[in-house]
Amino acid sequence: MTDRFERVLQFLRQTNLVAADQVLGCALSAEGGDRAPVLAEALLRRGTDPAVAHVVRAYHKVDDASRKALVGLCPGISGALRSVSQDENVQVRMNVVQLICAARHPKLSYILSYLLHDPIPAVRTAAAGAYKALALALFIRLCESTRDADVPGPGNLSGELADGISHFFSSLDAALESFPSHLRTEIIEAAMYFGPLLPEGIWSKFTGDRSRIGRAAVEIFQRDSSAHFAGFAFRSLTDLELGKLMAKIVASVCGTEFIRRFLTFGWYRYDLTVRKNLARSNRGFRWLVGNHPALGDLNGEAQIRFVDLLLLTTIPQVEKLSALWTLLGLADPFVQEHVVSQAAGMESPEARKFLARVTAGEADFPISNRASRMAGRFLARMSPTGASGTVIGSPAPLETGGSEPGIEQYFDQFWIAFEPLEAETFGSALERLRRLDPQFDGQVQSKLTSSDPAARARAVRLILKGKMATRFTHELFAVCDDIDAAVRASAVRALGELSGPEVEHKIIESLDDDDPRVQANAVEALETFNPPDLLALLEDRLEHPNNRIRANAIKAILKPQYTLALRALSSMLDHPDPTFRRSALWAVIKTTPLHLGKKINQLAQDDPDPEVRSAAKQALGAMVQYWKETRKVEPQPAGSAEGGP
Amino acid sequence: MRMTGLSMLAFGADPNLKLFQDPLGRVGVIVLVVVVVGMLVWFGGGLFAMYRRRRAERLPAVFGDPQDMLDRVCVLAGLGVSDRYLLNKTARRMNLPQPAAILLSPVLLRRAADTWIRAHRFAPTQNWGLHRLDLIARTLFGKPLRELES
């Protein structure tokens with residue numbers, strides 16, 4: 001290359017002229033030799049969307065360094081990738097698939113979901129393969145990040161990972177909506193990796209009546225019972241139809257790794273349908289019962305879950321007790337106590353013998369004193385016929401002394417597992433625990449005054465979920481001034497369930513908190529009080545720079561100030577930032593103002609953000625439902641509505 | 001009564017067909033010529049418009065001002081007005097949206113030379129164009145045109 005060429009290239013790198021991108025792009029598309037890297041580098045340095053699009057078009061012939069540079073720019077170049085994915089040239093579309101496959105970034109998955117409908121079969125197949133690879137990479141990241149968590153789930157994820165998974169789920173929703181039948185394995189497998197975490201909207205596609213996706217999932221699981229699908233298998237037990245089929249397969253595929261993963265998602269064990277379906281899966285657990293050393297590989301939490309699940313299956317009691325005896329030898333004292341308490345609920349002569357052996361210390365391994373004492377007490381309470389009135393699988397009746405060691409473990413178990421429980425299951429578990437444990441309120445209070453902010457926040461969430469705010473009014477007032485913002489935010493939200501001028505005053509105080517989460521929750525709580533000066537308090541927040549606060553304020557004034565709120569909501573729906581539009585749609589779903597129907601319909605069709613489109617569709621559904629319900633009420637005799645004096 | 005061909009046919013006589021043809025006057029001939037020419041022009045115009053539309057559809061999208069870009073790049077590369085003319089002409093024949101791209105790629109320059117040869121096969125301008133392109137190759141890529149990879 002001569003100096004003049006260098007001068008020209010330097011000019012093209014730095015100029016603002018739009019034509020420069022095309023000049024370099026045309027040259028790059030013609031070049032295939034050693035000049036291509038130089039041109040690609042110049043285009044990447046320009047960094048504009050058209051410039052990057054030209055490099056993506058030539059991805060198949062640029063050098064490794066340029067490819068790495070492109071991968072490094074993901075997902076910031078999603079605009080360029082989106083435009084290139086509609087190129088007429090098949091090779092260019094294949095380049096997009098290859099680049100996304102190399103970058104493995106979940107924010108780009110939506111482009112692959114479009115390419116699943118490409119007119120060329122080779123592109124569709126490549127896109128499906130890339131989609132599955134991306135899902136697997138994301139799943140592995142998820143497993144790594146939740147390895148040490150007590151209860152893996154969306155709540156334990158880091159911000160970036162949670163964001164990535166949320167993007168992936170949006171694209172998955174679109175991909176599962178319609179897909180070519182020969183690609184179903186790849187797409188459905190991609191969804192199955194995330195089985196336990198899938199949002200209800202996507203999960204319902206698997207569990208719908210005669211769902212072809214559900215049937216395909218069963219086929220895939222039968223063909224490839226990888227441990228990656230263990231979470232999906234566990235969640236499928238929550239559905240009657242799907243669970244029935246899956247339980248039979250689970251019974252035949254259980255391996256050590258599979259059962260370890262399976263138990264990781266054992267929080268669903270409180271679900272009634274899961275309990276029913278587990279009763280069908282006896283053979284798999286029998287395999288595990290015959291492989292006792294495998295139990296030692298599980299951690300304490302998983303061993304406790306295993307005990308619970310084991311008791312729900314239809315394995316003969318002798319085999320169950322044999323497995324429990326093995327666990328007594330392997331496990332820590334905490335698990336030993338759980339084993340003893342569950343064995344006490346089995347009501348059989350074999351169970352009595354089991355407890356007698358524990359009490360007599362016949363085991364050739366150490367058993368903790370507390371477990372041994374518990375076994376003695378249970379033995380004393382059990383009648384010789386074994387009729388003690390307990391139910392298999394439920395906690396055995398314990399002496400209701402304040403310092404009873406067995407009860408503490410139930411509180412601890414409940415404390416760990418209460419958050420993902422469904423409302424009905426949570427309610428019954430909470431009721432049972434409060435009946436068993438008179439110190440329940442004291443334990444919650446001690447958590448509220450704990451030095452660990454995570455424990456304080458969890459305690460407030462427990463109060464919220466259990467609708468127990470009236471029993472902890474003073475404590476909630478105290479944590480409203482907590483040093484931790486997350487605790488304050490939850491506490492202010494809980495105040496919304498109380499009433500009285502003091503509470504109202506406290507909530508109004510919280511409107512000026514430094515943290516936007518606290519402010520947003522205060523606005524939401526204030527809505528329930530509906531004070532006369534509500535508009536004056538919230539007027540400034542209708543233009544607030546925080547999307548949650550603004551959406552909550554609009555929602556709060558929508559009833560008393562319909563026109564003003566509608567105007568504010570309409571302008572928020574036009575906001576350039578998609579998070580604002582999503583928040584506005586949340587407010588629409590909550591309030592269903594029918595006057596905005598046309599605008600929401602437009603958003604559902606034309607919005608560039610897939611999540612906004614999905615939220616707009618959801619909002620439209622809610623509005624249609626509301627309209628149908630109110631339409632039934634409307635037709636009334638003319639005189640009856642205005643029949644007053 | 002004057003017998004027309006039709007009435008003669010009615011009586012079974014063989015008509016003289018020339019009787020059916022009225023002699024065309026000068027005005028009639030002029031009108032006929034104008035109408036025929038008008039129709040030909042209208043038809044030709046339609047064909048031409050269709051050809052232009054199809055050609056425009058085949059042309060790539062153009063971003064920015066290609067002429068301005070070529071001028072700036074030629075000034076930097078030290079190329080003259082005749083080179084710009086040559087590059088413009090060849091780029092149009094090659095369906096290239098940006099003539100300046102030829103100055104960045106030896107492959108495109110070589111392709112431009114081939115296009116020029118094809119377009120000026122028996123014309124005296126062929127050597128002139130090839131000579132200019134060879135000079136451009138030497139100026140920018142430091143090699144004569146024939147040594148550039150095609």
# chains A, B, ... in the order shown; residues from 1 in each chain; ligands from 1
$ closest_atom_pairs --of "chain B" --to "chain A" --cutoff "9 Å" --atoms "only C-alpha atoms" --output "Markdown table"
| residue | atom | partner | partner_atom | distance |
| --- | --- | --- | --- | --- |
| B:Val62 | CA | A:Ala19 | CA | 8.0 |
| B:Phe63 | CA | A:Ala19 | CA | 5.3 |
| B:Gly64 | CA | A:Ala19 | CA | 4.6 |
| B:Asp65 | CA | A:Ala19 | CA | 6.4 |
| B:Pro66 | CA | A:Ala19 | CA | 6.5 |
| B:Met69 | CA | A:Ala19 | CA | 6.8 |
| B:Val73 | CA | A:Val8 | CA | 6.2 |
| B:Cys74 | CA | A:Val8 | CA | 8.7 |
| B:Leu76 | CA | A:Val8 | CA | 6.2 |
| B:Ala77 | CA | A:Arg4 | CA | 5.3 |
| B:Gly78 | CA | A:Arg4 | CA | 8.0 |
| B:Leu96 | CA | A:Cys26 | CA | 7.8 |
| B:Pro97 | CA | A:Gln22 | CA | 8.0 |
| B:Gln98 | CA | A:Val23 | CA | 5.6 |
| B:Pro99 | CA | A:Val23 | CA | 7.8 |
| B:Ala100 | CA | A:Val23 | CA | 6.2 |
| B:Ala101 | CA | A:Val23 | CA | 4.7 |
| B:Ile102 | CA | A:Ala27 | CA | 7.0 |
| B:Leu103 | CA | A:Phe5 | CA | 8.0 |
| B:Leu104 | CA | A:Ala27 | CA | 6.0 |
| B:Ser105 | CA | A:Ala27 | CA | 5.3 |
| B:Pro106 | CA | A:Glu31 | CA | 7.9 |
| B:Val107 | CA | A:Glu31 | CA | 6.3 |
| B:Leu108 | CA | A:Ala30 | CA | 6.5 |
| B:Arg138 | CA | A:Thr2 | CA | 8.9 |
| B:Thr139 | CA | A:Thr2 | CA | 7.3 |
| B:Leu140 | CA | A:Phe5 | CA | 5.1 |
| B:Phe141 | CA | A:Met1 | CA | 5.1 |
| B:Gly142 | CA | A:Thr2 | CA | 6.1 |
$ residues_around --residues "Thr90 of chain B" --least-positions-apart "3" --cutoff "9 Å" --atoms "only C-alpha atoms" --output "ChimeraX atom specification"
/B:85-87,93-96,99,112-113,115-116
$ residues_around --residues "Lys353 of chain A" --least-positions-apart "2" --cutoff "12 Å" --atoms "only C-alpha atoms" --output "PyMOL selection string"
chain A and resi 318+321-322+325+340+343-344+346-351+355-360+362+375-376+378-379+382+384+386
$ atom_distance --atom1 "atom CA of Phe580 of chain A" --atom2 "atom CA of Asn547 of chain A"
5.1 Å
$ residues_around --residues "Asn601 of chain A" --least-positions-apart "3" --cutoff "8 Å" --atoms "only C-alpha atoms" --output "ChimeraX atom specification"
/A:597-598,604-605,616-617,620
$ write_last_selection --atoms "N, CA and C atoms" --output "PDB file, in the first residue's frame"
ATOM      1  N   GLY A 597     -57.225   2.249  24.111  1.00  0.00           N
ATOM      2  CA  GLY A 597     -57.206   0.990  23.351  1.00  0.00           C
ATOM      3  C   GLY A 597     -56.478   1.101  22.022  1.00  0.00           C
ATOM      4  N   LYS A 598     -56.757   2.192  21.295  1.00  0.00           N
ATOM      5  CA  LYS A 598     -56.166   2.346  19.964  1.00  0.00           C
ATOM      6  C   LYS A 598     -54.640   2.452  20.066  1.00  0.00           C
ATOM      7  N   ALA A 604     -48.712  -2.621  20.292  1.00  0.00           N
ATOM      8  CA  ALA A 604     -48.607  -4.087  20.165  1.00  0.00           C
ATOM      9  C   ALA A 604     -48.137  -4.488  18.778  1.00  0.00           C
ATOM     10  N   GLN A 605     -48.376  -3.630  17.794  1.00  0.00           N
ATOM     11  CA  GLN A 605     -47.994  -3.993  16.422  1.00  0.00           C
ATOM     12  C   GLN A 605     -46.669  -3.371  15.983  1.00  0.00           C
ATOM     13  N   ALA A 616     -47.809  -4.966  25.590  1.00  0.00           N
ATOM     14  CA  ALA A 616     -48.973  -4.293  24.999  1.00  0.00           C
ATOM     15  C   ALA A 616     -50.060  -5.305  24.646  1.00  0.00           C
ATOM     16  N   LYS A 617     -49.628  -6.484  24.159  1.00  0.00           N
ATOM     17  CA  LYS A 617     -50.607  -7.538  23.838  1.00  0.00           C
ATOM     18  C   LYS A 617     -51.324  -7.983  25.118  1.00  0.00           C
ATOM     19  N   LEU A 620     -53.745  -5.374  26.069  1.00  0.00           N
ATOM     20  CA  LEU A 620     -54.946  -5.437  25.212  1.00  0.00           C
ATOM     21  C   LEU A 620     -55.885  -6.535  25.689  1.00  0.00           C
TER      22      LEU A 620
END
$ atom_distance --atom1 "atom CA of Leu245 of chain A" --atom2 "atom CA of Asp297 of chain A"
28.1 Å
$ closest_residue --among "A:Asp209, A:Asp412, A:Glu160, A:Glu241" --to "Val444 of chain A" --atoms "only C-alpha atoms"
A:Asp412
$ residues_around --residues "Arg458 of chain A" --least-positions-apart "4" --cutoff "10 Å" --atoms "only C-alpha atoms" --output "PDB file with C-alpha atoms, in the first residue's frame"
ATOM      1  CA  TRP A 415     -37.918 -19.614  56.291  1.00  0.00           C
ATOM      2  CA  ILE A 416     -35.712 -20.963  53.504  1.00  0.00           C
ATOM      3  CA  PHE A 418     -41.477 -19.811  51.659  1.00  0.00           C
ATOM      4  CA  GLU A 419     -40.792 -17.332  48.849  1.00  0.00           C
ATOM      5  CA  VAL A 444     -40.303 -13.293  62.999  1.00  0.00           C
ATOM      6  CA  LYS A 447     -35.552 -11.774  62.241  1.00  0.00           C
ATOM      7  CA  LEU A 448     -36.871  -8.211  61.896  1.00  0.00           C
ATOM      8  CA  PRO A 453     -30.278  -6.732  56.248  1.00  0.00           C
ATOM      9  CA  ALA A 454     -31.153  -9.697  53.957  1.00  0.00           C
ATOM     10  CA  LEU A 462     -42.882 -12.926  54.888  1.00  0.00           C
ATOM     11  CA  ILE A 463     -45.188 -10.492  56.682  1.00  0.00           C
ATOM     12  CA  LEU A 464     -46.374  -9.143  53.347  1.00  0.00           C
ATOM     13  CA  ALA A 486     -34.609  -2.749  50.290  1.00  0.00           C
ATOM     14  CA  VAL A 487     -35.929  -3.258  53.844  1.00  0.00           C
ATOM     15  CA  SER A 490     -40.716  -3.626  51.631  1.00  0.00           C
TER      16      SER A 490
END
$ atom_distance --atom1 "atom CA of Thr185 of chain A" --atom2 "atom CA of Gly214 of chain A"
11.7 Å
$ residues_around --residues "Ala122 of chain A" --least-positions-apart "5" --cutoff "12 Å" --atoms "only C-alpha atoms" --output "PyMOL selection string"
chain A and resi 90-91+93-94+97+115-117+127-129+182-183
$ residues_around --residues "Val307 of chain A" --least-positions-apart "4" --cutoff "9 Å" --atoms "only C-alpha atoms" --output "PyMOL selection string"
chain A and resi 302-303+311-312+320+323-324+327+335+338-339+342
$ select_by_dssp --residues "chain B" --states "alpha helix (DSSP H)" --output "PyMOL selection string"
chain B and resi 5-10+26-58+66-77+81-93+106-119+125-141
$ closest_residue --among "A:Ala568, A:Met468, A:Ile120, A:Leu81" --to "Phe440 of chain A" --atoms "only C-alpha atoms"
A:Met468
$ closest_residue --among "A:Ala80, A:Ile508, A:Val71, A:Val250" --to "Ser236 of chain A" --atoms "only C-alpha atoms"
A:Val250
$ decode --residues "segment 505-526 of chain A" --atoms "C-alpha atoms" --output "mmCIF file, in the first residue's frame"
data_model
loop_
_atom_site.group_PDB
_atom_site.id
_atom_site.type_symbol
_atom_site.label_atom_id
_atom_site.label_comp_id
_atom_site.auth_asym_id
_atom_site.auth_seq_id
_atom_site.Cartn_x
_atom_site.Cartn_y
_atom_site.Cartn_z
ATOM 1 C CA HIS A 505 -48.285 10.238 57.939
ATOM 2 C CA LYS A 506 -45.451 7.709 57.816
ATOM 3 C CA ILE A 507 -46.179 6.879 54.185
ATOM 4 C CA ILE A 508 -46.240 10.575 53.232
ATOM 5 C CA GLU A 509 -42.873 10.936 54.974
ATOM 6 C CA SER A 510 -41.521 8.062 52.891
ATOM 7 C CA LEU A 511 -42.485 9.885 49.692
ATOM 8 C CA ASP A 512 -39.369 12.000 50.220
ATOM 9 C CA ASP A 513 -37.045 9.043 50.822
ATOM 10 C CA ASP A 514 -33.715 9.053 48.971
ATOM 11 C CA ASP A 515 -34.278 5.668 47.395
ATOM 12 C CA PRO A 516 -36.619 5.507 44.363
ATOM 13 C CA ARG A 517 -37.878 2.017 45.342
ATOM 14 C CA VAL A 518 -39.104 3.345 48.690
ATOM 15 C CA GLN A 519 -40.716 6.325 46.980
ATOM 16 C CA ALA A 520 -42.443 4.080 44.424
ATOM 17 C CA ASN A 521 -43.802 1.800 47.137
ATOM 18 C CA ALA A 522 -44.935 4.808 49.180
ATOM 19 C CA VAL A 523 -46.909 6.118 46.192
ATOM 20 C CA GLU A 524 -48.494 2.689 45.767
ATOM 21 C CA ALA A 525 -49.354 2.467 49.472
ATOM 22 C CA LEU A 526 -50.777 5.993 49.491
#
